[in-house]
Amino acid sequence: MPGVFINCILILLGSVLGIVFRGKLPTRFLDVVVQCLGLGVVAIGVASAIGTADTLCMIVSLVIGTILGEAIDIERRLERCGDLIRGKLLKKGGNSTFTEGFVTASVLYCVGAMAILGSIDAGIHHDYTILTSKAVIDGVFSITLAAAVGVGVAFSAVPILIYEGGLTLLAGLVAGYLTEPLITEMSAVGGCIIVGIGLNMLKVTEKPIKVGNMLPAVFLPLLYLPLVQELSRLFG
């Protein structure tokens with residue numbers, strides 16, 4: 001699980017830098033770095049999306065999957081889950097800056113599409129590009145958070161290790177049951193969602209894209225491709 005370990009290490013390094021340079025880092029430099037990372041995330045997503053061998057599968061999966069996600073409102077549920085965890089733990093921790101840093105960072109780094117997609121990609125393809133990119137982004141945000149609330153941010157590496165590590169291992173277990181065409185189309189759909197994450201980072205849309213609601217689309221090629229093959233056999 002190299003990508004998971006890299007994520008944890010960069011969170012720790014970012015936290016150390018944030019504590020060391022507390023109050024000395026101009027916000028404008030961090031903003032520029034985030035913009036650069038946003039461009040990189042868009043490039044990663046495009047590279048995955050253009051690998052599709054069935055454009056119609058990608059489009060249909062995105063449309064139907066996003067409609068399903070919107071109906072369930074996954075994005076809002078993830079936000080509520082994060083708020084609930086944060087509220088309970090901060091209450092128990094007496095609202096100390098350590099607890100605030102730990103909980104805020106843990107929720108920020110775990111509750112998101114990139115953590116899920118990156119872990120799936122790592123488990124199925126052994127491709128750590130998405131997780132490594134997320135690691136760099138988390139590292140940069142750790143600098144800002146640690147500078148604001150202190151060392152608690154560094155300890156968020158523990159839930160990240162458990163969460164992303166568990167997802168990666170789970171994806172690895174099911175990888176043997178997936179065919180190459182299925183994996184290709186799942187990656188292509190995931191790439192489109194990654195592009196959405198990058199656009200959100202760049203703030204190029206009037207309203208943020210609800211990438212969390214798009215997550216069901218990643219799994220729809222599992223239904224689409226066998227269905228199309230069966231229809232082709234019956235009517236072809």
# chains A, B, ... in the order shown; residues from 1 in each chain; ligands from 1
>>> residues_around(residues="Ile44 of chain A", least_positions_apart="6", cutoff="12 Å", atoms="only C-alpha atoms", output="MDAnalysis selection string")
chainID A and resid 37:38 50:51 114 118 127:134 187:188 190:198
>>> select_by_dssp(residues="segment 16-233 of chain A", states="helix (DSSP H, G or I)", output="NGL selection string")
:A and (16-20 or 27-49 or 55-72 or 74-92 or 97-110 or 113-125 or 129-149 or 151-175 or 180-202 or 211-219 or 221-233)
>>> closest_residue(among="A:Ile59, A:Leu39, A:Ala171, A:Ala147", to="Val204 of chain A", atoms="only C-alpha atoms")
A:Leu39
>>> residues_around(residues="segment 63-74 of chain A", least_positions_apart="3", cutoff="7 Å", atoms="only C-alpha atoms", output="list in words")
Ile59, Val60, Arg77, Leu78, Gly212, Asn213, Met214, Leu215, Pro216, Ala217 and Leu220 of chain A
>>> residues_around(residues="segment 172-174 of chain A", least_positions_apart="3", cutoff="6 Å", atoms="only C-alpha atoms", output="PyMOL selection string")
chain A and resi 123-124+169+177
>>> write_last_selection(atoms="C-alpha atoms", output="tab-separated table (two decimals), in the first residue's frame")
chain	number	residue	atom	x	y	z
A	123	GLY	CA	-6.29	-2.03	-4.95
A	124	ILE	CA	-7.40	-3.02	-8.45
A	169	LEU	CA	-7.19	-4.16	0.63
A	177	TYR	CA	-13.21	-11.17	-10.27
>>> atom_distance(atom1="atom CA of Glu75 of chain A", atom2="atom CA of Lys210 of chain A")
6.4 Å
>>> closest_residue(among="A:Lys207, A:Lys24, A:Met1, A:Val151", to="His125 of chain A", atoms="only C-alpha atoms")
A:Met1
>>> residues_around(residues="segment 4-13 of chain A", least_positions_apart="2", cutoff="8 Å", atoms="only C-alpha atoms", output="number ranges by chain")
A: 1-2, 15-17, 131-132, 134-136, 138-139, 142, 153-158, 160-161, 164-165
>>> closest_residue(among="A:Thr55, A:Thr144, A:Asp83, A:Ala122", to="Thr27 of chain A", atoms="only C-alpha atoms")
A:Thr144
>>> closest_residue(among="A:Gly40, A:Pro221, A:Gly3, A:Pro159", to="Ser106 of chain A", atoms="only C-alpha atoms")
A:Pro159
>>> atom_distance(atom1="atom CA of Gln35 of chain A", atom2="atom CA of Ile116 of chain A")
22.0 Å
